[in-house]
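K.L.:
What follows is final39.txt, compact mmCIF, C-alpha atoms and all ligand atoms.
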```
# COMPACT_ATOMS: atom_id res chain seq x y z
CA MET A 131 -47.79 140.77 28.41
CA LEU A 132 -51.20 140.71 30.05
CA PHE A 133 -52.27 139.22 33.35
CA LEU A 134 -55.67 137.62 33.80
CA LEU A 135 -57.54 135.78 36.52
CA ASP A 136 -59.28 132.58 35.59
CA GLU A 137 -62.22 131.28 37.60
CA THR A 138 -60.09 129.41 40.09
CA GLY A 139 -58.40 132.68 40.97
CA ALA A 140 -55.23 131.49 39.25
CA ILE A 141 -53.45 133.97 37.09
CA ALA A 142 -53.09 133.36 33.46
CA ILE A 143 -50.34 135.35 31.86
CA LYS A 144 -50.76 135.83 28.21
CA ASN A 145 -47.64 136.59 26.34
CA PHE A 146 -48.73 138.04 23.06
CA LYS A 147 -45.41 137.33 21.40
CA ASP A 148 -45.63 133.57 21.53
CA ASN A 149 -49.33 133.44 22.40
CA LYS A 150 -48.76 131.03 25.30
CA MET A 151 -50.70 130.93 28.55
CA ILE A 152 -48.82 130.27 31.75
CA ASN A 153 -50.87 129.59 34.87
CA PHE A 154 -49.79 129.97 38.44
CA GLU A 155 -51.29 130.59 41.83
CA ALA A 156 -52.69 134.03 42.59
CA LYS A 157 -50.92 134.14 45.94
CA GLU A 158 -47.57 134.04 44.21
CA GLN A 159 -48.40 137.33 42.56
CA LYS A 160 -48.30 140.52 44.57
CA ASN A 161 -49.13 143.26 42.16
CA LEU A 162 -52.30 142.28 40.41
CA GLU A 163 -53.44 145.62 39.12
CA LYS A 164 -52.99 144.57 35.53
CA ASN A 165 -54.22 141.06 36.03
CA ILE A 166 -57.74 141.28 34.77
CA ILE A 167 -59.36 142.93 31.84
CA PRO A 168 -60.46 146.40 32.90
CA PHE A 169 -64.15 147.15 32.46
CA GLU A 170 -65.61 150.64 32.47
CA TRP A 171 -67.21 150.24 35.90
CA HIS A 172 -63.91 149.28 37.53
CA SER A 173 -62.60 152.84 37.74
CA ILE A 174 -65.67 154.07 39.64
CA ALA A 175 -65.47 150.98 41.81
CA PHE A 176 -61.86 151.81 42.79
CA LYS A 177 -62.90 155.32 43.76
CA MET A 178 -65.74 153.99 45.89
CA LEU A 179 -63.36 151.64 47.60
CA LYS A 180 -60.90 154.38 48.40
CA LEU A 181 -63.54 156.62 49.91
CA ASN A 182 -65.64 154.20 51.90
CA ARG A 183 -65.03 151.33 54.30
CA LEU A 184 -68.11 149.40 53.22
CA SER A 185 -69.15 148.88 49.61
CA LEU A 186 -71.71 146.71 47.92
CA PHE A 187 -71.70 145.59 44.30
CA VAL A 188 -75.01 144.46 42.91
CA GLY A 189 -75.15 142.63 39.61
CA GLU A 190 -76.33 139.56 37.77
CA PRO A 191 -74.29 136.37 38.33
CA GLY A 192 -71.24 136.29 36.10
CA SER A 193 -70.93 140.05 35.69
CA GLY A 194 -67.44 140.00 37.22
CA LYS A 195 -68.09 141.17 40.81
CA THR A 196 -66.01 138.52 42.57
CA THR A 197 -63.19 138.74 40.06
CA TRP A 198 -62.96 142.48 40.62
CA ALA A 199 -63.23 142.22 44.42
CA MET A 200 -60.42 139.65 44.55
CA MET A 201 -58.24 141.76 42.33
CA ALA A 202 -58.98 144.93 44.33
CA ALA A 203 -58.06 143.18 47.59
CA LEU A 204 -54.73 142.07 46.16
CA LYS A 205 -54.03 145.43 44.62
CA PHE A 206 -54.64 147.40 47.81
CA THR A 207 -53.34 145.03 50.48
CA GLY A 208 -50.88 142.79 48.61
CA GLN A 209 -52.81 139.84 50.04
CA GLU A 210 -55.83 137.83 49.02
CA GLY A 211 -59.05 138.90 50.68
CA GLU A 212 -60.81 136.84 53.33
CA ILE A 213 -63.92 135.44 51.67
CA LEU A 214 -67.21 134.78 53.41
CA GLN A 215 -69.78 133.03 51.24
CA GLY A 216 -73.15 134.33 52.41
CA THR A 217 -76.04 131.86 52.57
CA PRO A 218 -79.41 131.79 54.37
CA ASP A 219 -77.66 129.61 56.99
CA THR A 220 -74.83 132.02 57.71
CA GLU A 221 -74.53 132.60 61.45
CA ILE A 222 -72.60 135.07 63.56
CA SER A 223 -70.01 132.34 64.25
CA HIS A 224 -69.30 132.05 60.51
CA ILE A 225 -68.27 135.69 60.61
CA TRP A 226 -66.48 135.89 63.97
CA GLY A 227 -65.26 132.33 64.56
CA PHE A 228 -65.92 129.63 67.13
CA PHE A 229 -64.45 127.82 70.14
CA ALA A 230 -62.87 124.46 69.38
CA LEU A 231 -61.20 121.82 71.49
CA ALA A 232 -57.62 121.04 70.49
CA ASN A 233 -55.29 118.81 72.58
CA GLY A 234 -57.57 119.14 75.57
CA GLU A 235 -57.58 122.93 75.36
CA THR A 236 -60.41 125.17 74.29
CA LYS A 237 -59.24 127.64 71.72
CA PHE A 238 -60.98 130.28 69.71
CA CYS A 239 -60.60 129.96 65.94
CA ASP A 240 -60.94 133.35 64.31
CA GLY A 241 -63.47 133.64 61.51
CA PRO A 242 -62.95 135.72 58.38
CA LEU A 243 -63.73 139.12 59.96
CA PRO A 244 -61.18 138.99 62.82
CA ARG A 245 -58.66 137.34 60.47
CA ALA A 246 -59.05 140.18 57.99
CA LEU A 247 -58.69 142.83 60.71
CA LYS A 248 -55.62 141.19 62.26
CA LYS A 249 -53.84 140.42 59.02
CA GLY A 250 -54.56 143.68 57.19
CA ARG A 251 -56.73 141.98 54.60
CA PHE A 252 -60.00 142.95 52.97
CA LEU A 253 -63.16 141.03 53.78
CA ILE A 254 -65.16 139.93 50.74
CA VAL A 255 -68.72 139.00 51.62
CA GLU A 256 -70.46 137.16 48.80
CA GLU A 257 -74.25 137.33 48.53
CA LEU A 258 -74.54 139.63 51.52
CA ASN A 259 -78.28 139.77 51.19
CA LEU A 260 -78.73 136.04 51.60
CA ILE A 261 -77.31 136.36 55.12
CA PRO A 262 -80.03 136.53 57.79
CA ILE A 263 -80.45 139.95 59.34
CA GLU A 264 -79.19 138.92 62.82
CA ALA A 265 -75.85 137.80 61.39
CA ARG A 266 -75.66 140.65 58.91
CA SER A 267 -75.94 143.18 61.71
CA SER A 268 -72.40 142.15 62.79
CA PHE A 269 -71.20 144.38 59.99
CA LEU A 270 -73.08 147.37 61.43
CA THR A 271 -70.46 147.81 64.12
CA LEU A 272 -67.80 148.26 61.46
CA ARG A 273 -69.12 151.64 60.50
CA GLY A 274 -67.38 154.70 61.74
CA HIS A 275 -65.75 152.95 64.70
CA ARG A 276 -62.06 152.57 65.46
CA ASN A 277 -62.49 149.27 67.29
CA ILE A 278 -64.81 146.34 67.17
CA THR A 279 -65.45 143.72 69.86
CA ASN A 280 -65.63 140.02 69.16
CA PRO A 281 -68.97 139.03 70.74
CA PHE A 282 -67.70 135.53 71.59
CA THR A 283 -64.40 136.38 73.27
CA GLY A 284 -64.75 140.05 74.21
CA GLU A 285 -61.52 140.67 72.33
CA GLU A 286 -61.24 144.27 71.19
CA LEU A 287 -59.91 144.56 67.67
CA PRO A 288 -58.67 147.79 66.10
CA ILE A 289 -60.07 148.44 62.63
CA PRO A 290 -57.19 149.56 60.41
CA ASP A 291 -57.90 152.67 58.32
CA SER A 292 -57.08 150.58 55.28
CA PHE A 293 -59.67 147.90 56.10
CA ARG A 294 -62.42 147.43 53.54
CA LEU A 295 -65.46 145.20 53.33
CA ILE A 296 -66.49 144.45 49.76
CA ALA A 297 -69.90 142.84 49.54
CA THR A 298 -71.60 141.39 46.49
CA SER A 299 -75.20 140.54 45.81
CA ASN A 300 -77.32 139.49 42.95
CA PRO A 301 -80.23 141.90 42.37
CA GLU A 302 -82.82 139.23 43.07
CA ASN A 303 -81.40 138.48 46.54
CA LEU A 304 -81.47 142.13 47.39
CA LYS A 305 -85.23 142.28 47.51
CA CYS A 306 -86.28 141.93 51.11
CA ARG A 307 -90.00 141.43 51.37
CA ASN A 308 -90.20 140.72 55.10
CA GLN A 309 -88.17 143.48 56.68
CA PRO A 310 -87.32 146.05 54.01
CA GLN A 311 -86.70 148.89 56.50
CA ILE A 312 -84.25 146.88 58.59
CA ALA A 313 -82.52 145.65 55.43
CA GLN A 314 -82.21 149.23 54.23
CA MET A 315 -80.89 150.40 57.61
CA LEU A 316 -78.21 147.69 57.51
CA LEU A 317 -77.05 148.99 54.15
CA ASP A 318 -77.07 152.62 55.25
CA ASP A 319 -73.30 152.85 55.54
CA PHE A 320 -72.57 151.03 52.31
CA VAL A 321 -71.90 152.77 49.04
CA ILE A 322 -73.77 150.71 46.50
CA MET A 323 -72.89 150.20 42.87
CA GLU A 324 -74.89 148.44 40.20
CA VAL A 325 -72.57 146.33 38.09
CA PRO A 326 -73.67 146.21 34.47
CA ARG A 327 -74.01 142.95 32.61
CA MET A 328 -71.18 142.24 30.18
CA THR A 329 -71.66 143.37 26.61
CA ALA A 330 -71.13 141.00 23.69
CA LYS A 331 -67.88 142.86 22.92
CA GLU A 332 -66.62 142.30 26.47
CA VAL A 333 -67.60 138.64 26.25
CA GLU A 334 -65.66 138.32 23.01
CA LEU A 335 -62.65 139.98 24.59
CA LEU A 336 -62.70 137.64 27.60
CA LEU A 337 -63.11 134.62 25.32
CA SER A 338 -60.09 135.69 23.32
CA PHE A 339 -58.02 135.61 26.52
CA HIS A 340 -59.40 132.37 27.87
CA TYR A 341 -59.14 130.68 24.47
CA PRO A 342 -56.07 132.32 22.94
CA ASP A 343 -55.63 129.83 20.14
CA THR A 344 -59.14 130.25 18.79
CA SER A 345 -59.84 131.82 15.41
CA THR A 346 -61.43 135.28 15.22
CA GLU A 347 -64.26 133.70 13.30
CA LEU A 348 -65.15 131.27 16.09
CA LEU A 349 -64.79 134.00 18.73
CA GLY A 350 -67.21 136.19 16.78
CA LYS A 351 -69.62 133.32 16.29
CA VAL A 352 -69.74 132.42 19.99
CA SER A 353 -70.23 136.00 21.10
CA THR A 354 -72.99 136.53 18.49
CA LEU A 355 -74.81 133.39 19.60
CA TRP A 356 -74.39 134.39 23.23
CA GLN A 357 -75.85 137.82 22.46
CA LYS A 358 -78.80 136.27 20.67
CA TYR A 359 -79.88 134.28 23.73
CA GLU A 360 -78.44 136.57 26.37
CA ASN A 361 -81.76 138.08 27.43
CA VAL A 362 -84.95 136.06 27.43
CA ASN A 363 -87.87 137.75 29.20
CA LYS A 364 -85.45 139.56 31.52
CA MET A 365 -83.58 136.45 32.52
CA TYR A 366 -79.96 136.61 31.47
CA LEU A 367 -77.02 134.48 30.45
CA SER A 368 -73.66 135.16 32.05
CA TYR A 369 -70.19 135.04 30.54
CA ARG A 370 -69.97 131.46 31.80
CA ALA A 371 -72.56 130.42 29.19
CA ALA A 372 -70.30 131.78 26.45
CA LYS A 373 -67.37 129.84 27.91
CA HIS A 374 -69.42 126.67 27.99
CA LEU A 375 -70.49 127.14 24.39
CA MET A 376 -66.91 127.71 23.32
CA SER A 377 -65.59 124.63 25.09
CA LEU A 378 -68.40 122.43 23.75
CA LEU A 379 -67.75 123.62 20.19
CA LEU A 380 -64.02 123.12 20.60
CA SER A 381 -64.62 119.58 21.84
CA GLY A 382 -66.37 118.82 18.55
CA ILE A 383 -69.99 118.78 19.72
CA GLU A 384 -72.43 119.61 16.94
CA GLU A 385 -73.39 123.30 16.94
CA ASN A 386 -77.13 123.02 17.64
CA GLU A 387 -76.51 120.56 20.43
CA ALA A 388 -73.88 122.87 21.91
CA ILE A 389 -76.25 125.86 21.73
CA ARG A 390 -78.94 123.88 23.46
CA ILE A 391 -76.66 122.71 26.25
CA ALA A 392 -74.73 125.92 26.85
CA LEU A 393 -77.35 128.59 26.18
CA ILE A 394 -80.97 127.36 26.02
CA ASN A 395 -80.82 124.97 28.96
CA LYS A 396 -79.54 127.75 31.21
CA TYR A 397 -83.17 128.88 31.37
CA ILE A 398 -84.44 125.52 32.57
CA THR A 399 -85.44 126.84 36.00
CA ASP A 400 -88.30 128.97 34.63
CA SER A 401 -90.72 127.06 32.42
CA ASP A 402 -92.11 130.14 30.57
CA VAL A 403 -88.69 131.57 29.86
CA PHE A 404 -87.40 128.14 28.89
CA THR A 405 -90.23 127.69 26.40
CA THR A 406 -89.54 131.15 24.92
CA ALA A 407 -85.83 130.35 24.57
CA GLN A 408 -86.62 127.01 22.93
CA LEU A 409 -89.02 128.71 20.55
CA LYS A 410 -86.42 131.30 19.62
CA PHE A 411 -84.03 128.47 18.95
CA SER A 412 -86.42 126.41 16.80
CA ILE A 413 -87.39 129.49 14.76
CA SER A 414 -83.78 130.35 14.04
CA ASP A 415 -83.23 126.70 13.11
CA GLU A 416 -85.90 127.02 10.43
CA ASP A 417 -84.34 130.30 9.29
CA MET A 418 -81.14 128.44 8.65
CA LEU A 419 -82.89 125.76 6.62
CA ILE A 420 -84.48 128.41 4.38
N1 LIG B 501 -62.40 141.66 34.41
C1 LIG B 501 -62.29 140.37 34.11
N2 LIG B 501 -61.18 139.88 33.51
C2 LIG B 501 -61.08 138.57 33.21
N3 LIG B 501 -62.03 137.65 33.44
C3 LIG B 501 -63.16 138.08 34.06
C4 LIG B 501 -63.35 139.45 34.41
N4 LIG B 501 -64.56 139.58 34.98
C5 LIG B 501 -65.11 138.36 34.97
N5 LIG B 501 -64.28 137.46 34.41
C6 LIG B 501 -64.58 136.03 34.16
O1 LIG B 501 -65.99 135.88 34.25
C7 LIG B 501 -66.32 134.83 35.16
C8 LIG B 501 -67.46 135.32 36.04
O2 LIG B 501 -67.03 136.39 36.86
P1 LIG B 501 -67.33 136.48 38.43
O3 LIG B 501 -66.40 137.49 38.99
O4 LIG B 501 -67.33 135.13 39.06
O5 LIG B 501 -68.82 137.06 38.40
P2 LIG B 501 -69.83 137.31 39.60
O6 LIG B 501 -69.06 137.33 40.88
O7 LIG B 501 -70.44 138.64 39.27
O8 LIG B 501 -70.82 136.19 39.54
C9 LIG B 501 -65.07 134.56 35.96
O9 LIG B 501 -64.92 133.20 36.14
C10 LIG B 501 -63.92 135.10 35.13
O10 LIG B 501 -63.40 134.05 34.35
MG MG B 502 -69.47 136.06 42.51
```
Would you encode the structure as structure tokens?
P.N.:
Amino acid sequence: MLFLLDETGAIAIKNFKDNKMINFEAKEQKNLEKNIIPFEWHSIAFKMLKLNRLSLFVGEPGSGKTTWAMMAALKFTGQEGEILQGTPDTEISHIWGFFALANGETKFCDGPLPRALKKGRFLIVEELNLIPIEARSSFLTLRGHRNITNPFTGEELPIPDSFRLIATSNPENLKCRNQPQIAQMLLDDFVIMEVPRMTAKEVELLLSFHYPDTSTELLGKVSTLWQKYENVNKMYLSYRAAKHLMSLLLSGIEENEAIRIALINKYITDSDVFTTAQLKFSISDEDMLI
């Protein structure tokens, strides 16, 4: 039996004997260590997590950062992590919480950081580097200290030894042109790991779990096509593109149309790269005719 996480965070249990997938909520599962496919970088990542309170995982979208972080939080704390989705609009109140009026009373609603500290959970900060520097500096006080003070309420919160902040970022967001020194200083206490992109073999393996009833031939075909278009002028496809291709093919969409939708059009945001991808596609089309 093998446990997997699908993109909703639900666990898919694959029973190899009868090849059936059973889905249920992640929170119903306590021990998730075996729940995702282990990649080579995971073992270093676990060591980093054990040694350091703050860690940052940098990798292309779809390389499996969030999946790993969620699994690690469950594995170490028995609870899902508190997730903060970083954006350029993230403010200190999104991290700490805010005052709200309820039944005529003003109450403070804890944000993800105090919730994580109080409940013994991990804090997962997605796209850390999109968060403006003022808000990001809230995490500075987490380093080395035993307590942290909520700037809105003055509440002093102990930081459990087991507390961890797992941050993710895509490499592009990491570049800070305006204030590179401050950005570097804010990361000083983080251990930083570069997460590799998935290989075609890993993509094939994941596909075989997400589409257990699919023939080996189709699995091989999708992963080969994915690999062919995976890197165009240093822009990359993620595993999601392979999943899209697989589901389009399974729904009966004609192969070239499916390739265009799932793989080529993923490059639509950059006109040069898009043209190169289209060219690659039309050339291989002619190859097939010959
Ligand atoms: N180790 C893994 N085991 C199973 N599925 C995975 C694994 N890593 C990634 N995935 C799949 O790949 C998709 C993208 O991974 P995700 O963690 O969202 O990437 P990122 O956070 O780097 O953008 C997920 O929806 C999940 O289905
Ligand atoms: Mg992610």
K.L.:
Residues within 10 Å of Thr329 of chain A, please, as number ranges by chain. Count only C-alpha atoms; anything in the same chain fewer than 6 positions from it doesn't count.
P.N.:
A: 193, 335, 353, 356-357, 360, 369
K.L.:
Would you mind reading off the distance between atom CA of Glu190 of chain A and atom CA of Leu375 of chain A, one decimal, in Å?
P.N.:
19.2 Å
K.L.:
At most 9 Å is the cut-off: for each residue in chain A with any atom that close to an atom of ligand MG 502 (chain B), write down the nearest atom pair and the distance in Å rounded to one decimal, counting all atoms listed in the file, chain first then increasing number, as a Markdown table.
P.N.:
```
| residue | atom | partner | partner_atom | distance |
| --- | --- | --- | --- | --- |
| A:Pro191 | CA | B:MG502 | MG | 6.4 |
| A:Gly192 | CA | B:MG502 | MG | 6.7 |
| A:Ser193 | CA | B:MG502 | MG | 8.0 |
| A:Gly194 | CA | B:MG502 | MG | 6.9 |
| A:Lys195 | CA | B:MG502 | MG | 5.6 |
| A:Thr196 | CA | B:MG502 | MG | 4.2 |
| A:Thr197 | CA | B:MG502 | MG | 7.3 |
| A:Ala199 | CA | B:MG502 | MG | 9.0 |
| A:Glu256 | CA | B:MG502 | MG | 6.5 |
| A:Glu257 | CA | B:MG502 | MG | 7.8 |
| A:Thr298 | CA | B:MG502 | MG | 7.0 |
| A:Ser299 | CA | B:MG502 | MG | 8.0 |
| A:Asn300 | CA | B:MG502 | MG | 8.6 |
```
K.L.:
Which residues come within 10 Å of Lys305 of chain A, counting all atoms listed in the file, excluding same-chain residues fewer than 5 positions away, as a list in words?
P.N.:
Asn259, Leu260, Asn300, Pro310 and Ala313 of chain A
K.L.:
Between A:Ser173, A:Asn277, A:Phe187, A:Phe282, which is the closest to Ile225 of chain A once you count only C-alpha atoms?
P.N.:
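For Ile225 of chain A, the nearest of the given residues is A:Phe282.
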K.L.:
What's around Glu334 of chain A at 7 Å? Count all atoms listed in the file, leave out sequence neighbours fewer than 3 positions away in its own chain, and write the answer as a list in words.
P.N.:
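So, after excluding close chain neighbours, the residues are Ala330, Lys331, Leu337, Ser338, Leu349, Gly350 and Ser353 of chain A.
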K.L.:
Hey, which of A:Leu247, A:Ile213, A:Ile394, A:Ile322 ends up closest to Leu179 of chain A? Count all atoms listed in the file.
P.N.:
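Closest to Leu179 of chain A, using all atoms listed in the file: A:Ile322.
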K.L.:
Identify, on the basis of all atoms listed in the file, every residue whose closest approach to Lys358 of chain A does not exceed 12 Å; exclude the query and any residue fewer than 2 positions from it along the same chain; express the result as number ranges by chain.
P.N.:
A: 329-330, 351-356, 360-362, 366-367, 372, 389, 393-394, 407, 410-411, 414
K.L.:
For Ser223 of chain A, which residue among A:Pro262, A:Gly241, A:Pro168, A:Pro301 is the nearest when counting all atoms listed in the file?
P.N.:
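The closest residue to Ser223 of chain A is A:Gly241.
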K.L.:
Closest to ligand LIG 501 (chain B) among A:His340, A:Lys248, A:Arg266, A:Lys364, using all atoms listed in the file?
P.N.:
A:His340
K.L.:
Please measure the separation of atom CA of Glu212 of chain A and atom CA of Phe339 of chain A, giving the value in Å to one decimal.
P.N.:
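Value for the atom CA of Glu212 of chain A-atom CA of Phe339 of chain A distance: 27.0 Å.
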K.L.:
Provide the atom CA of Leu317 of chain A to atom CA of Met178 of chain A distance in Å, to one decimal place.
P.N.:
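Separation between atom CA of Leu317 of chain A and atom CA of Met178 of chain A: 14.9 Å.
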K.L.:
Counting all atoms listed in the file, which of A:Ser185, A:Gln309, A:Ser412, A:Gln314 gets nearest to Arg273 of chain A?
P.N.:
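Nearest to Arg273 of chain A: A:Ser185.
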K.L.:
Would you list the contacts of His374 of chain A as a ChimeraX atom specification, taking every protein, DNA or RNA residue within 7 Å and counting all atoms listed in the file, but skipping same-chain residues closer than 4 positions in sequence?
P.N.:
/A:370,378,392
K.L.:
In terms of the shortest atom-to-atom distance over only C-alpha atoms, which of A:Lys373, A:Gly211, A:Asn280, A:Ser268 is closest to Cys239 of chain A?
P.N.:
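The answer is A:Asn280, which sits nearest to Cys239 of chain A.
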K.L.:
Give as a list of chain:residue names each residue that has an atom at most 12 Å from (-88.0, 128.1, 25.3) in the file, counting all atoms listed in the file.
P.N.:
A:Tyr359, A:Asn361, A:Val362, A:Asn363, A:Met365, A:Arg390, A:Leu393, A:Ile394, A:Asn395, A:Lys396, A:Tyr397, A:Ile398, A:Thr399, A:Asp400, A:Ser401, A:Asp402, A:Val403, A:Phe404, A:Thr405, A:Thr406, A:Ala407, A:Gln408, A:Leu409, A:Lys410, A:Phe411, A:Ser412, A:Ile413
K.L.:
As a PDB file, in the frame of the given file, please: segment 382-399 of chain A completed to N, CA and C atoms.
P.N.:
```
ATOM      1  N   GLY A 382     -65.843 119.498  19.738  1.00  0.00           N
ATOM      2  CA  GLY A 382     -66.370 118.820  18.550  1.00  0.00           C
ATOM      3  C   GLY A 382     -67.852 118.519  18.606  1.00  0.00           C
ATOM      4  N   ILE A 383     -68.544 119.020  19.632  1.00  0.00           N
ATOM      5  CA  ILE A 383     -69.990 118.780  19.720  1.00  0.00           C
ATOM      6  C   ILE A 383     -70.703 119.583  18.635  1.00  0.00           C
ATOM      7  N   GLU A 384     -71.684 118.985  18.044  1.00  0.00           N
ATOM      8  CA  GLU A 384     -72.430 119.610  16.940  1.00  0.00           C
ATOM      9  C   GLU A 384     -73.043 120.937  17.414  1.00  0.00           C
ATOM     10  N   GLU A 385     -73.059 121.927  16.536  1.00  0.00           N
ATOM     11  CA  GLU A 385     -73.390 123.300  16.940  1.00  0.00           C
ATOM     12  C   GLU A 385     -74.758 123.445  17.632  1.00  0.00           C
ATOM     13  N   ASN A 386     -75.804 122.876  17.037  1.00  0.00           N
ATOM     14  CA  ASN A 386     -77.130 123.020  17.640  1.00  0.00           C
ATOM     15  C   ASN A 386     -77.216 122.378  19.014  1.00  0.00           C
ATOM     16  N   GLU A 387     -76.542 121.248  19.129  1.00  0.00           N
ATOM     17  CA  GLU A 387     -76.510 120.560  20.430  1.00  0.00           C
ATOM     18  C   GLU A 387     -75.779 121.436  21.454  1.00  0.00           C
ATOM     19  N   ALA A 388     -74.681 122.021  21.018  1.00  0.00           N
ATOM     20  CA  ALA A 388     -73.880 122.870  21.910  1.00  0.00           C
ATOM     21  C   ALA A 388     -74.691 124.098  22.344  1.00  0.00           C
ATOM     22  N   ILE A 389     -75.425 124.681  21.401  1.00  0.00           N
ATOM     23  CA  ILE A 389     -76.250 125.860  21.730  1.00  0.00           C
ATOM     24  C   ILE A 389     -77.298 125.481  22.769  1.00  0.00           C
ATOM     25  N   ARG A 390     -77.904 124.332  22.539  1.00  0.00           N
ATOM     26  CA  ARG A 390     -78.940 123.880  23.460  1.00  0.00           C
ATOM     27  C   ARG A 390     -78.365 123.687  24.882  1.00  0.00           C
ATOM     28  N   ILE A 391     -77.237 123.016  24.932  1.00  0.00           N
ATOM     29  CA  ILE A 391     -76.660 122.710  26.250  1.00  0.00           C
ATOM     30  C   ILE A 391     -76.156 123.984  26.947  1.00  0.00           C
ATOM     31  N   ALA A 392     -75.424 124.799  26.202  1.00  0.00           N
ATOM     32  CA  ALA A 392     -74.730 125.920  26.850  1.00  0.00           C
ATOM     33  C   ALA A 392     -75.611 127.152  27.027  1.00  0.00           C
ATOM     34  N   LEU A 393     -76.576 127.340  26.126  1.00  0.00           N
ATOM     35  CA  LEU A 393     -77.350 128.590  26.180  1.00  0.00           C
ATOM     36  C   LEU A 393     -78.816 128.356  26.567  1.00  0.00           C
ATOM     37  N   ILE A 394     -79.516 127.524  25.805  1.00  0.00           N
ATOM     38  CA  ILE A 394     -80.970 127.360  26.020  1.00  0.00           C
ATOM     39  C   ILE A 394     -81.252 126.747  27.392  1.00  0.00           C
ATOM     40  N   ASN A 395     -80.530 125.674  27.711  1.00  0.00           N
ATOM     41  CA  ASN A 395     -80.820 124.970  28.960  1.00  0.00           C
ATOM     42  C   ASN A 395     -80.502 125.777  30.218  1.00  0.00           C
ATOM     43  N   LYS A 396     -79.816 126.889  30.057  1.00  0.00           N
ATOM     44  CA  LYS A 396     -79.540 127.750  31.210  1.00  0.00           C
ATOM     45  C   LYS A 396     -80.834 128.352  31.757  1.00  0.00           C
ATOM     46  N   TYR A 397     -81.887 128.305  30.944  1.00  0.00           N
ATOM     47  CA  TYR A 397     -83.170 128.880  31.370  1.00  0.00           C
ATOM     48  C   TYR A 397     -84.120 127.834  31.945  1.00  0.00           C
ATOM     49  N   ILE A 398     -83.589 126.661  32.199  1.00  0.00           N
ATOM     50  CA  ILE A 398     -84.440 125.520  32.570  1.00  0.00           C
ATOM     51  C   ILE A 398     -85.226 125.732  33.866  1.00  0.00           C
ATOM     52  N   THR A 399     -84.772 126.664  34.704  1.00  0.00           N
ATOM     53  CA  THR A 399     -85.440 126.840  36.000  1.00  0.00           C
ATOM     54  C   THR A 399     -86.770 127.603  35.907  1.00  0.00           C
TER      55      THR A 399
END
```
